[in-house]
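Below: query_17.cif (mmCIF, C-alpha atoms)
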data_final
loop_
_atom_site.label_atom_id
_atom_site.label_comp_id
_atom_site.auth_asym_id
_atom_site.auth_seq_id
_atom_site.Cartn_x
_atom_site.Cartn_y
_atom_site.Cartn_z
CA MET F 1044 136.06 50.53 33.98
CA LYS F 1045 137.55 53.07 36.37
CA MET F 1046 134.58 55.38 35.74
CA LYS F 1047 132.16 52.61 36.69
CA LYS F 1048 134.05 52.04 39.94
CA VAL F 1049 133.97 55.74 40.72
CA LEU F 1050 130.22 55.92 40.04
CA ALA F 1051 129.65 52.85 42.16
CA ALA F 1052 131.63 54.40 45.00
CA VAL F 1053 129.66 57.64 44.73
CA LEU F 1054 126.37 55.75 44.73
CA PHE F 1055 127.53 53.68 47.72
CA MET F 1056 128.49 56.83 49.66
CA ALA F 1057 125.19 58.49 48.76
CA CYS F 1058 123.27 55.46 49.98
CA MET F 1059 125.31 55.37 53.16
CA SER F 1060 124.65 59.09 53.73
CA THR F 1061 120.93 58.62 53.15
CA SER F 1062 120.91 55.64 55.51
CA LEU F 1063 122.73 57.59 58.22
CA GLU F 1064 120.33 60.55 57.87
CA ALA F 1065 117.41 58.16 58.11
CA ALA F 1066 118.92 56.55 61.20
CA VAL F 1067 119.39 59.95 62.86
CA THR F 1068 115.81 60.90 61.96
CA VAL F 1069 114.47 57.66 63.35
CA SER F 1070 116.61 58.06 66.47
CA ALA F 1071 115.28 61.58 67.11
CA ALA F 1072 111.72 60.45 66.46
CA ASP F 1073 112.12 57.58 68.89
CA LYS F 1074 113.02 59.88 71.78
CA LYS F 1075 110.30 60.46 74.34
CA GLU F 1076 109.25 64.09 74.66
CA VAL F 1077 109.54 65.82 78.05
CA VAL F 1078 107.71 69.16 78.16
CA ILE F 1079 108.37 71.61 81.00
CA TRP F 1080 106.36 74.70 81.89
CA ASP F 1081 107.97 77.70 83.59
CA TYR F 1082 107.27 81.41 84.14
CA PHE F 1083 110.85 82.69 84.00
CA GLU F 1084 110.97 86.18 82.55
CA THR F 1085 114.46 87.65 83.03
CA ASP F 1086 117.09 87.02 80.34
CA ALA F 1087 119.31 85.24 82.87
CA GLN F 1088 116.48 82.92 83.92
CA LYS F 1089 115.58 82.10 80.32
CA GLN F 1090 119.20 81.38 79.44
CA MET F 1091 119.56 79.20 82.53
CA MET F 1092 116.52 77.14 81.59
CA GLN F 1093 117.64 76.66 78.01
CA SER F 1094 121.12 75.63 79.19
CA LEU F 1095 119.55 73.14 81.59
CA VAL F 1096 117.34 71.66 78.87
CA ASP F 1097 120.25 71.46 76.41
CA GLY F 1098 122.45 69.80 79.02
CA PHE F 1099 119.82 67.18 79.77
CA ASN F 1100 119.25 66.44 76.08
CA GLU F 1101 122.98 66.01 75.50
CA SER F 1102 123.40 63.79 78.57
CA GLN F 1103 121.30 60.88 77.32
CA GLU F 1104 119.64 59.38 74.24
CA GLU F 1105 116.19 58.40 75.48
CA TYR F 1106 114.43 61.74 76.04
CA GLU F 1107 114.13 65.14 74.37
CA ALA F 1108 113.16 67.98 76.71
CA SER F 1109 111.74 71.39 75.84
CA HIS F 1110 110.31 74.21 77.93
CA VAL F 1111 107.34 76.54 77.47
CA TYR F 1112 106.97 79.99 79.01
CA VAL F 1113 103.64 80.82 80.67
CA PRO F 1114 103.23 84.32 82.20
CA PHE F 1115 103.33 84.32 86.01
CA ALA F 1116 100.01 86.16 86.30
CA ASP F 1117 98.27 83.41 84.26
CA TYR F 1118 100.20 80.43 85.59
CA GLU F 1119 97.82 78.98 88.15
CA LYS F 1120 94.86 79.59 85.85
CA GLN F 1121 96.55 77.68 83.01
CA LEU F 1122 97.41 74.80 85.34
CA THR F 1123 93.81 74.61 86.53
CA LEU F 1124 92.52 74.66 82.94
CA GLY F 1125 95.06 71.98 82.06
CA ILE F 1126 93.78 69.71 84.83
CA ALA F 1127 90.28 69.99 83.34
CA SER F 1128 91.35 69.54 79.71
CA GLY F 1129 94.16 67.05 80.21
CA GLU F 1130 96.51 69.25 78.17
CA LEU F 1131 99.46 69.44 80.52
CA PRO F 1132 103.27 69.22 80.36
CA ASP F 1133 105.33 66.49 82.01
CA LEU F 1134 107.00 68.77 84.53
CA VAL F 1135 105.85 72.02 86.11
CA ILE F 1136 108.20 74.53 87.69
CA LEU F 1137 106.07 76.55 90.09
CA ASP F 1138 106.22 78.78 93.12
CA GLY F 1139 106.85 76.55 96.13
CA CYS F 1140 103.95 77.94 98.15
CA GLY F 1141 101.44 76.88 95.48
CA MET F 1142 102.43 73.24 95.23
CA ALA F 1143 100.36 71.90 98.15
CA SER F 1144 97.08 73.08 96.67
CA PHE F 1145 97.88 71.53 93.28
CA ILE F 1146 98.88 68.25 94.90
CA GLN F 1147 95.41 68.16 96.46
CA LEU F 1148 93.87 68.94 93.06
CA GLY F 1149 95.59 65.87 91.62
CA LEU F 1150 97.98 67.70 89.30
CA PHE F 1151 101.09 65.93 90.57
CA GLY F 1152 101.91 62.24 90.86
CA ASP F 1153 103.57 60.36 93.72
CA ILE F 1154 107.24 59.80 92.88
CA SER F 1155 108.41 58.61 96.29
CA ASP F 1156 110.13 55.65 94.62
CA ALA F 1157 112.22 57.88 92.32
CA ASP F 1158 116.01 57.54 92.45
CA ILE F 1159 116.53 60.72 94.51
CA ASP F 1160 118.39 61.07 97.82
CA TRP F 1161 115.75 63.14 99.61
CA ASP F 1162 117.92 63.62 102.70
CA GLN F 1163 120.29 65.83 100.72
CA TYR F 1164 117.68 68.62 100.48
CA MET F 1165 117.06 71.43 102.95
CA GLN F 1166 114.07 70.53 105.10
CA GLY F 1167 111.87 73.59 104.47
CA PRO F 1168 112.06 73.54 100.66
CA LEU F 1169 111.71 69.74 100.56
CA GLU F 1170 108.57 69.76 102.72
CA SER F 1171 106.92 72.12 100.24
CA THR F 1172 107.11 69.33 97.62
CA MET F 1173 105.42 66.76 99.87
CA LEU F 1174 102.00 65.87 101.24
CA ASN F 1175 101.21 63.17 103.81
CA GLY F 1176 104.78 61.89 103.64
CA LYS F 1177 104.76 61.37 99.87
CA HIS F 1178 107.06 63.09 97.35
CA TYR F 1179 105.66 64.83 94.27
CA GLY F 1180 108.79 66.54 92.97
CA ILE F 1181 111.96 68.23 94.18
CA PRO F 1182 112.84 71.80 95.18
CA PHE F 1183 114.34 73.73 92.28
CA ALA F 1184 115.61 76.92 93.95
CA THR F 1185 115.37 78.72 97.27
CA ASN F 1186 115.73 82.42 97.98
CA CYS F 1187 114.38 85.44 99.82
CA THR F 1188 114.30 89.22 99.39
CA ALA F 1189 116.64 91.74 101.01
CA LEU F 1190 117.44 95.45 100.75
CA PHE F 1191 119.44 96.75 97.77
CA TYR F 1192 120.81 100.29 98.03
CA ASN F 1193 122.57 102.66 95.62
CA LYS F 1194 125.87 103.56 97.27
CA ASP F 1195 126.47 106.60 95.08
CA MET F 1196 123.13 108.15 96.06
CA PHE F 1197 123.83 107.55 99.74
CA ASP F 1198 127.34 109.01 99.40
CA GLU F 1199 126.07 112.10 97.59
CA ALA F 1200 123.47 112.69 100.29
CA GLY F 1201 126.00 112.08 103.07
CA ILE F 1202 123.91 109.27 104.56
CA ASP F 1203 125.31 106.12 106.17
CA TYR F 1204 124.45 102.90 104.37
CA PRO F 1205 121.68 100.75 105.86
CA ASP F 1206 122.81 97.66 107.76
CA GLU F 1207 121.54 94.96 110.10
CA ASN F 1208 120.83 97.55 112.81
CA THR F 1209 118.68 99.87 110.68
CA THR F 1210 115.22 100.40 112.16
CA TRP F 1211 111.99 101.30 110.41
CA ASP F 1212 112.23 104.91 111.58
CA GLU F 1213 115.80 105.22 110.31
CA PHE F 1214 114.84 103.52 107.04
CA HIS F 1215 111.95 105.97 106.61
CA GLU F 1216 114.25 108.96 107.21
CA MET F 1217 116.78 107.60 104.71
CA ALA F 1218 114.08 107.13 102.10
CA LYS F 1219 112.71 110.65 102.63
CA ALA F 1220 116.16 112.23 102.34
CA LEU F 1221 116.84 110.35 99.11
CA THR F 1222 113.48 111.20 97.50
CA LYS F 1223 114.28 114.11 95.18
CA ASP F 1224 114.94 115.03 91.56
CA GLY F 1225 112.66 112.29 90.24
CA VAL F 1226 114.15 109.61 92.49
CA SER F 1227 112.04 107.72 95.04
CA GLY F 1228 113.71 106.54 98.22
CA PHE F 1229 112.30 103.02 98.11
CA GLY F 1230 110.19 100.67 96.04
CA ASN F 1231 109.06 97.08 96.00
CA ALA F 1232 106.61 94.86 94.11
CA ALA F 1233 103.10 95.24 95.50
CA THR F 1234 101.20 94.06 92.43
CA ASN F 1235 97.90 92.26 93.02
CA THR F 1236 99.35 88.76 92.52
CA ASP F 1237 101.23 86.37 94.79
CA GLU F 1238 104.36 88.25 93.73
CA GLY F 1239 102.99 91.15 95.78
CA THR F 1240 102.30 88.91 98.75
CA PHE F 1241 105.83 87.55 98.54
CA GLN F 1242 107.33 91.03 98.75
CA CYS F 1243 104.91 92.66 101.20
CA LEU F 1244 104.05 89.96 103.74
CA GLN F 1245 107.49 90.27 105.32
CA TRP F 1246 106.54 93.67 106.73
CA ILE F 1247 103.54 92.15 108.54
CA TYR F 1248 105.74 89.48 110.15
CA THR F 1249 108.40 92.01 111.15
CA ALA F 1250 105.64 94.05 112.82
CA GLY F 1251 104.61 91.02 114.88
CA GLY F 1252 101.82 89.56 112.76
CA SER F 1253 101.51 86.58 110.45
CA TYR F 1254 99.52 85.44 107.45
CA THR F 1255 96.71 84.38 109.80
CA ASP F 1256 97.08 87.30 112.25
CA ILE F 1257 97.05 90.45 110.17
CA GLU F 1258 95.85 92.78 112.90
CA ALA F 1259 98.91 92.02 115.04
CA GLY F 1260 100.99 93.49 112.20
CA VAL F 1261 98.95 96.65 111.61
CA ASP F 1262 102.06 98.80 112.22
CA ALA F 1263 103.37 97.59 108.87
CA TYR F 1264 100.29 99.03 107.17
CA THR F 1265 100.88 102.33 108.97
CA LEU F 1266 104.52 102.51 107.83
CA MET F 1267 103.59 101.73 104.23
CA GLN F 1268 100.82 104.28 104.05
CA GLU F 1269 102.88 107.05 105.67
CA MET F 1270 105.81 106.46 103.33
CA ILE F 1271 103.63 106.27 100.23
CA GLU F 1272 101.83 109.48 101.17
CA ASP F 1273 105.09 111.40 101.68
CA GLY F 1274 106.54 109.94 98.47
CA SER F 1275 109.46 108.10 100.03
CA TRP F 1276 107.92 104.71 99.07
CA THR F 1277 106.86 105.01 95.44
CA LYS F 1278 103.11 104.69 94.84
CA GLU F 1279 103.88 103.02 91.50
CA CYS F 1280 104.71 99.81 93.35
CA VAL F 1281 101.06 98.67 93.31
CA ASN F 1282 101.50 98.03 89.58
CA TRP F 1283 105.09 96.79 89.61
CA THR F 1284 106.40 93.28 89.28
CA GLN F 1285 109.76 92.43 90.79
CA SER F 1286 111.39 92.91 87.37
CA ASP F 1287 109.80 96.37 87.11
CA VAL F 1288 111.27 97.29 90.50
CA ASN F 1289 114.75 96.14 89.52
CA ASN F 1290 114.58 97.94 86.17
CA ASN F 1291 113.79 101.18 88.00
CA PHE F 1292 116.62 100.56 90.46
CA MET F 1293 119.08 100.00 87.60
CA ALA F 1294 117.78 103.13 85.83
CA GLY F 1295 118.43 105.27 88.92
CA ASN F 1296 114.77 105.91 89.70
CA LEU F 1297 115.01 104.19 93.10
CA ALA F 1298 117.63 104.68 95.81
CA MET F 1299 116.62 101.43 97.53
CA GLN F 1300 114.68 98.38 96.45
CA GLN F 1301 113.42 95.19 98.03
CA ASN F 1302 114.31 92.35 95.73
CA GLY F 1303 115.94 88.97 95.40
CA PRO F 1304 119.28 87.51 94.30
CA TRP F 1305 117.84 86.45 90.95
CA GLN F 1306 118.15 90.12 89.92
CA ILE F 1307 121.95 90.12 90.35
CA PRO F 1308 122.76 88.56 86.93
CA GLY F 1309 120.55 91.18 85.26
CA ILE F 1310 122.32 94.01 87.07
CA GLU F 1311 125.71 92.60 86.09
CA ALA F 1312 124.63 92.34 82.45
CA ASN F 1313 122.63 95.55 82.05
CA ALA F 1314 124.10 97.93 84.64
CA PRO F 1315 127.67 96.70 85.25
CA ASP F 1316 128.79 100.08 86.63
CA LEU F 1317 126.00 100.34 89.21
CA ASN F 1318 127.61 100.88 92.61
CA TYR F 1319 125.28 99.09 94.98
CA GLY F 1320 125.18 97.02 98.13
CA VAL F 1321 122.76 94.58 99.74
CA THR F 1322 121.86 94.18 103.40
CA VAL F 1323 119.07 92.64 105.44
CA LEU F 1324 115.68 94.33 105.53
CA PRO F 1325 115.12 96.93 108.27
CA LYS F 1326 113.89 95.75 111.66
CA LYS F 1327 110.98 97.36 113.47
CA ASP F 1328 112.93 99.01 116.31
CA ALA F 1329 116.22 98.85 118.17
CA ASP F 1330 114.98 96.14 120.53
CA SER F 1331 113.76 93.86 117.73
CA GLU F 1332 115.54 90.86 116.30
CA GLN F 1333 116.63 90.82 112.67
CA ALA F 1334 113.72 91.42 110.31
CA THR F 1335 112.12 88.45 108.64
CA SER F 1336 111.93 87.88 104.93
CA ILE F 1337 109.71 85.48 103.05
CA LEU F 1338 111.18 82.31 101.60
CA GLY F 1339 110.79 82.13 97.88
CA GLY F 1340 111.86 79.75 95.22
CA GLU F 1341 110.45 77.18 92.89
CA ASN F 1342 109.74 73.46 92.92
CA MET F 1343 109.67 70.99 90.05
CA GLY F 1344 106.53 68.91 90.22
CA VAL F 1345 105.96 65.73 88.21
CA VAL F 1346 102.59 65.83 86.47
CA ASN F 1347 100.37 62.83 87.23
CA LYS F 1348 100.56 60.70 84.08
CA ASP F 1349 100.76 57.00 83.24
CA ASP F 1350 104.42 57.40 82.23
CA THR F 1351 106.51 59.77 84.37
CA SER F 1352 109.88 58.26 83.44
CA GLY F 1353 110.98 61.28 81.38
CA ALA F 1354 110.05 63.75 84.09
CA GLU F 1355 111.86 61.68 86.71
CA ALA F 1356 114.93 61.46 84.45
CA PHE F 1357 115.02 65.26 84.27
CA LEU F 1358 114.76 65.51 88.06
CA LYS F 1359 117.63 63.04 88.39
CA TYR F 1360 119.73 65.13 86.01
CA TYR F 1361 119.07 68.33 87.95
CA ASP F 1362 119.70 66.50 91.23
CA GLN F 1363 123.42 66.38 90.37
CA THR F 1364 125.28 68.90 92.56
CA GLU F 1365 127.39 70.31 89.72
CA VAL F 1366 124.36 70.77 87.45
CA MET F 1367 122.39 72.46 90.23
CA VAL F 1368 125.24 74.80 91.18
CA ASP F 1369 125.76 75.90 87.56
CA ALA F 1370 122.04 76.49 87.06
CA MET F 1371 121.63 78.51 90.25
CA LYS F 1372 124.64 80.68 89.39
CA GLN F 1373 122.90 81.59 86.15
CA TYR F 1374 119.48 81.91 87.76
CA GLY F 1375 120.54 84.09 90.68
CA SER F 1376 119.19 81.95 93.50
CA TYR F 1377 120.41 79.39 96.02
CA PRO F 1378 120.57 75.61 95.61
CA PRO F 1379 118.06 73.70 97.76
CA LYS F 1380 120.60 70.92 98.39
CA THR F 1381 122.84 71.42 101.43
CA GLU F 1382 126.03 70.34 99.68
CA ALA F 1383 125.43 72.55 96.65
CA ALA F 1384 124.77 75.61 98.82
CA LYS F 1385 128.29 75.32 100.31
CA ASP F 1386 129.85 76.43 97.03
CA THR F 1387 132.21 79.40 97.52
CA TYR F 1388 130.34 81.32 94.83
CA TRP F 1389 127.80 82.14 97.54
CA THR F 1390 129.80 81.91 100.74
CA ASP F 1391 132.69 84.18 99.65
CA ASP F 1392 130.74 87.01 97.98
CA PRO F 1393 129.60 89.92 100.24
CA ILE F 1394 126.34 90.52 98.35
CA GLN F 1395 125.45 86.84 98.23
CA LYS F 1396 126.37 86.50 101.91
CA ALA F 1397 123.84 89.23 102.78
CA PHE F 1398 121.10 87.03 101.33
CA LEU F 1399 122.39 84.00 103.20
CA THR F 1400 122.16 86.07 106.41
CA GLN F 1401 118.61 87.13 105.52
CA ILE F 1402 117.58 83.54 104.76
CA GLU F 1403 118.35 82.65 108.39
CA THR F 1404 115.23 84.56 109.51
CA SER F 1405 113.11 83.89 106.43
CA ILE F 1406 109.82 82.03 106.68
CA PRO F 1407 107.58 80.27 104.16
CA ARG F 1408 104.27 81.49 102.84
CA GLY F 1409 101.91 79.16 104.63
CA PRO F 1410 102.51 76.38 104.05
CA SER F 1411 98.87 75.71 103.33
CA ALA F 1412 96.86 73.97 100.64
CA SER F 1413 94.59 77.04 100.84
CA TRP F 1414 97.46 79.43 100.20
CA PRO F 1415 95.98 80.97 97.01
CA SER F 1416 92.93 82.10 99.01
CA TYR F 1417 95.08 83.48 101.82
CA SER F 1418 97.31 85.26 99.34
CA SER F 1419 94.38 86.83 97.50
CA ALA F 1420 92.99 88.27 100.74
CA ILE F 1421 96.41 89.55 101.80
CA GLN F 1422 97.11 91.15 98.42
CA THR F 1423 93.84 93.07 98.60
CA GLY F 1424 94.78 94.47 101.99
CA PHE F 1425 98.12 95.78 100.79
CA GLN F 1426 96.55 97.36 97.75
CA GLU F 1427 93.96 99.12 99.90
CA VAL F 1428 96.64 100.48 102.23
CA MET F 1429 99.03 101.59 99.50
CA THR F 1430 96.35 103.39 97.52
CA SER F 1431 95.00 104.97 100.74
CA ALA F 1432 91.60 103.46 99.97
CA LYS F 1433 91.35 102.53 103.65
CA THR F 1434 93.07 103.49 106.88
CA PRO F 1435 95.62 100.99 108.17
CA GLU F 1436 93.25 99.97 110.97
CA GLN F 1437 90.28 99.41 108.67
CA ALA F 1438 92.36 97.55 106.10
CA ALA F 1439 93.80 95.32 108.84
CA ALA F 1440 90.35 94.54 110.23
CA ASP F 1441 88.90 93.77 106.79
CA THR F 1442 91.89 91.67 105.74
CA GLN F 1443 91.73 89.77 109.02
CA ALA F 1444 88.08 88.97 108.34
CA ALA F 1445 88.93 87.77 104.83
CA VAL F 1446 91.78 85.61 106.14
CA ASP F 1447 89.57 84.15 108.89
CA ALA F 1448 87.05 83.16 106.24
CA VAL F 1449 89.56 80.98 104.39
CA LYS F 1450 88.85 77.28 104.97
#
How does the structure come out when it is put into structure tokens?
Amino acid sequence: MKMKKVLAAVLFMACMSTSLEAAVTVSAADKKEVVIWDYFETDAQKQMMQSLVDGFNESQEEYEASHVYVPFADYEKQLTLGIASGELPDLVILDGCGMASFIQLGLFGDISDADIDWDQYMQGPLESTMLNGKHYGIPFATNCTALFYNKDMFDEAGIDYPDENTTWDEFHEMAKALTKDGVSGFGNAATNTDEGTFQCLQWIYTAGGSYTDIEAGVDAYTLMQEMIEDGSWTKECVNWTQSDVNNNFMAGNLAMQQNGPWQIPGIEANAPDLNYGVTVLPKKDADSEQATSILGGENMGVVNKDDTSGAEAFLKYYDQTEVMVDAMKQYGSYPPKTEAAKDTYWTDDPIQKAFLTQIETSIPRGPSASWPSYSSAIQTGFQEVMTSAKTPEQAAADTQAAVDAVK
């Protein structure tokens, strides 16, 4: 009799276990999928994104998010192909300067009625997510580039560190003095993608030009070509991404680099003993104001679909100040919400503060729905100058013609 009771209890427990497993399976199957595309390539960025996705999935029971990596160089092409084929994610994290053109192409849907307090966002980043007063997403991160320098190399050479008063001539002399024994004085990312435009356009603005007035900034072309030809600005930069530049800086192949705060977590993880500082980029001359930098950062755009509830739920999750602050600490960028950016993690750290100072004179790329065409023309000009394919004057004239032709 006792044996029958035991068997019955075992069978009951087994049935209960099977029922619970089935319930969990059904529950997971019932969740709506939210697919996110991104182009994050550093370990810190990838970890940040996975943490963000995991946090969202654990915060609610209705949706299950996942993210897919698409290489930066192929990103816009894949989005364009997706528009044609209809095979698209629910959310796209993309370079802020590219969002306007994709809004016009119909990639993103109007989410102006979403439960987001738009007034909490910094004006510049927020405007890059909008068109004709309508909202199509939220800013994800904001940043700029500044000047990293290897303190040990400067100390060994007996050279004062660069600072907010450093001019182009002084910067050039520093770079020349530090170019020796296989080390180049300076490097940046000048690859023939928008990554190159992001890093190089600043020099045109600091020289007095703009993305529509290249010839006014021809002195930047002259500086670049002179430094590349004497070796103080590495010629390898025409093939380097921003990650390539930082890897060479960490390896001791560069005394100075132009790069962004998103590289800081990688330096801390992979080169913890690197003795370095960060300051604003060099200004043109002693009478000039602080050099400009170019605003960077990503937006999260909601893909135009019949049901955008999952995408909007993810935006709402990220919109939380604590979530945003934690993500941006991992990512190595600045929160686009005013309240989040006040966190002491950024305001009390000397390296982070240097970027906050640089952001004060940073400007957007564009903004223009035709930005990809502008960027392509500008990239070509930099490549021609840095490979000495053309003189600075000829490259400026040709690039100006290409920019003028953009409609």
Can you pull out the residues contacting F:Glu1279? Cut-off 10 Å, using all atoms listed in the file, and skip same-chain residues under 4 positions away; I want them as a CSV table (one decimal) with C-alpha atoms, in the coordinates of the input.
chain,number,residue,atom,x,y,z
F,1230,GLY,CA,110.2,100.7,96.0
F,1231,ASN,CA,109.1,97.1,96.0
F,1232,ALA,CA,106.6,94.9,94.1
F,1233,ALA,CA,103.1,95.2,95.5
F,1234,THR,CA,101.2,94.1,92.4
F,1271,ILE,CA,103.6,106.3,100.2
F,1283,TRP,CA,105.1,96.8,89.6
F,1287,ASP,CA,109.8,96.4,87.1
F,1288,VAL,CA,111.3,97.3,90.5
F,1429,MET,CA,99.0,101.6,99.5
F,1430,THR,CA,96.4,103.4,97.5
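Non-sequential neighbours of stretch 1110-1115 of chain F (distance at most 8 Å, separation of 5 or more positions within a chain, all atoms listed in the file) are Val1078, Ile1079, Trp1080, Asp1081, Tyr1082, Phe1083, Glu1084, Met1092, Gln1093 and Val1096 of chain F.
What separates atom CA of F:Leu1134 from atom CA of F:Trp1414 is a distance of 21.2 Å.
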To one decimal place in Å, what is the distance between atom CA of F:Ala1445 and atom CA of F:Ala1420? 5.8 Å
Nearest residue to F:Ala1383 from the set F:Gln1163, F:Thr1209, F:Ser1419, F:Gln1147 (distances using only C-alpha atoms): F:Gln1163
Counting only C-alpha atoms, which residues of stretch 1093-1196 of chain F sit at most 7 Å from some atom of stretch 1343-1358 of chain F, and what is each one's closest atom pair with its distance in Å to one decimal, listed by chain and rising residue number, as CSV?
residue,atom,partner,partner_atom,distance
F:Phe1099,CA,F:Phe1357,CA,6.9
F:Tyr1106,CA,F:Gly1353,CA,6.4
F:Asp1133,CA,F:Val1346,CA,5.3
F:Leu1134,CA,F:Val1345,CA,4.9
F:Val1135,CA,F:Gly1344,CA,5.2
F:Ile1136,CA,F:Met1343,CA,4.5
F:Leu1137,CA,F:Met1343,CA,6.6
F:Leu1150,CA,F:Val1346,CA,5.7
F:Phe1151,CA,F:Val1346,CA,4.4
F:Gly1152,CA,F:Asn1347,CA,4.0
F:Ala1157,CA,F:Glu1355,CA,6.8
F:Tyr1179,CA,F:Gly1344,CA,5.8
F:Gly1180,CA,F:Gly1344,CA,4.3
F:Ile1181,CA,F:Met1343,CA,5.5
F:Pro1182,CA,F:Met1343,CA,6.1
F:Phe1183,CA,F:Met1343,CA,5.9
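Pairwise distance (atom CA of F:Pro1132, atom CA of F:Phe1145) equals 14.2 Å.
Considering the residues F:Tyr1118, F:Trp1161, F:Phe1425, F:Tyr1374 and counting all atoms listed in the file, F:Pro1304 has its shortest atom-to-atom contact with F:Tyr1374.
The nearest approach to F:Ala1448 among the residues F:Thr1322, F:Gln1242, F:Thr1255, F:Thr1381, with all atoms listed in the file taken into account, belongs to F:Thr1255.
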Determine, counting only C-alpha atoms, every residue of protein, DNA or RNA that lies within 10 Å of (116.5, 83.1, 94.3) in the file coordinates, then give the result as a ChimeraX atom specification. /F:1183-1188,1302-1307,1338-1341,1371-1372,1374-1378,1398
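Between F:Ala1087 and the candidates F:Thr1390, F:Gly1320, F:Pro1308, F:Val1428, the tightest atom-to-atom separation, counting only C-alpha atoms, involves F:Pro1308.
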Evaluate the PyMOL selection byres ((chain F and resi 1296) around 12) here and jot the selected residues down as a PyMOL selection string. chain F and resi 1192-1193+1196+1221-1230+1275-1277+1279+1287-1295+1297-1300
Given the selection you just returned, output its residues as a file containing C-alpha atoms, formatted as an mmCIF file, in the frame of the given file.
data_model
loop_
_atom_site.group_PDB
_atom_site.id
_atom_site.type_symbol
_atom_site.label_atom_id
_atom_site.label_comp_id
_atom_site.auth_asym_id
_atom_site.auth_seq_id
_atom_site.Cartn_x
_atom_site.Cartn_y
_atom_site.Cartn_z
ATOM 1 C CA TYR F 1192 120.810 100.290 98.030
ATOM 2 C CA ASN F 1193 122.570 102.660 95.620
ATOM 3 C CA MET F 1196 123.130 108.150 96.060
ATOM 4 C CA LEU F 1221 116.840 110.350 99.110
ATOM 5 C CA THR F 1222 113.480 111.200 97.500
ATOM 6 C CA LYS F 1223 114.280 114.110 95.180
ATOM 7 C CA ASP F 1224 114.940 115.030 91.560
ATOM 8 C CA GLY F 1225 112.660 112.290 90.240
ATOM 9 C CA VAL F 1226 114.150 109.610 92.490
ATOM 10 C CA SER F 1227 112.040 107.720 95.040
ATOM 11 C CA GLY F 1228 113.710 106.540 98.220
ATOM 12 C CA PHE F 1229 112.300 103.020 98.110
ATOM 13 C CA GLY F 1230 110.190 100.670 96.040
ATOM 14 C CA SER F 1275 109.460 108.100 100.030
ATOM 15 C CA TRP F 1276 107.920 104.710 99.070
ATOM 16 C CA THR F 1277 106.860 105.010 95.440
ATOM 17 C CA GLU F 1279 103.880 103.020 91.500
ATOM 18 C CA ASP F 1287 109.800 96.370 87.110
ATOM 19 C CA VAL F 1288 111.270 97.290 90.500
ATOM 20 C CA ASN F 1289 114.750 96.140 89.520
ATOM 21 C CA ASN F 1290 114.580 97.940 86.170
ATOM 22 C CA ASN F 1291 113.790 101.180 88.000
ATOM 23 C CA PHE F 1292 116.620 100.560 90.460
ATOM 24 C CA MET F 1293 119.080 100.000 87.600
ATOM 25 C CA ALA F 1294 117.780 103.130 85.830
ATOM 26 C CA GLY F 1295 118.430 105.270 88.920
ATOM 27 C CA LEU F 1297 115.010 104.190 93.100
ATOM 28 C CA ALA F 1298 117.630 104.680 95.810
ATOM 29 C CA MET F 1299 116.620 101.430 97.530
ATOM 30 C CA GLN F 1300 114.680 98.380 96.450
#
Within 12 Å of F:Leu1148, counting all atoms listed in the file, which residues qualify if same-chain residues fewer than 4 places away don't, as a tab-separated table (two decimals) with C-alpha atoms, in the frame of the given file?
chain	number	residue	atom	x	y	z
F	1119	GLU	CA	97.82	78.98	88.15
F	1122	LEU	CA	97.41	74.80	85.34
F	1123	THR	CA	93.81	74.61	86.53
F	1124	LEU	CA	92.52	74.66	82.94
F	1125	GLY	CA	95.06	71.98	82.06
F	1126	ILE	CA	93.78	69.71	84.83
F	1127	ALA	CA	90.28	69.99	83.34
F	1141	GLY	CA	101.44	76.88	95.48
F	1142	MET	CA	102.43	73.24	95.23
F	1143	ALA	CA	100.36	71.90	98.15
F	1144	SER	CA	97.08	73.08	96.67
F	1152	GLY	CA	101.91	62.24	90.86
F	1174	LEU	CA	102.00	65.87	101.24
F	1346	VAL	CA	102.59	65.83	86.47
F	1347	ASN	CA	100.37	62.83	87.23
F	1412	ALA	CA	96.86	73.97	100.64
F	1413	SER	CA	94.59	77.04	100.84
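Each of F:Thr1240, F:Asp1198, F:Ser1109, F:Asp1203 was checked against F:Ser1253 using only C-alpha atoms; the smallest atom-to-atom distance is that of F:Thr1240.
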So what does the PyMOL selection byres ((chain F and resi 1323) around 6) actually pick up in this one, as a ChimeraX atom specification? /F:1189-1190,1207,1322,1324,1401
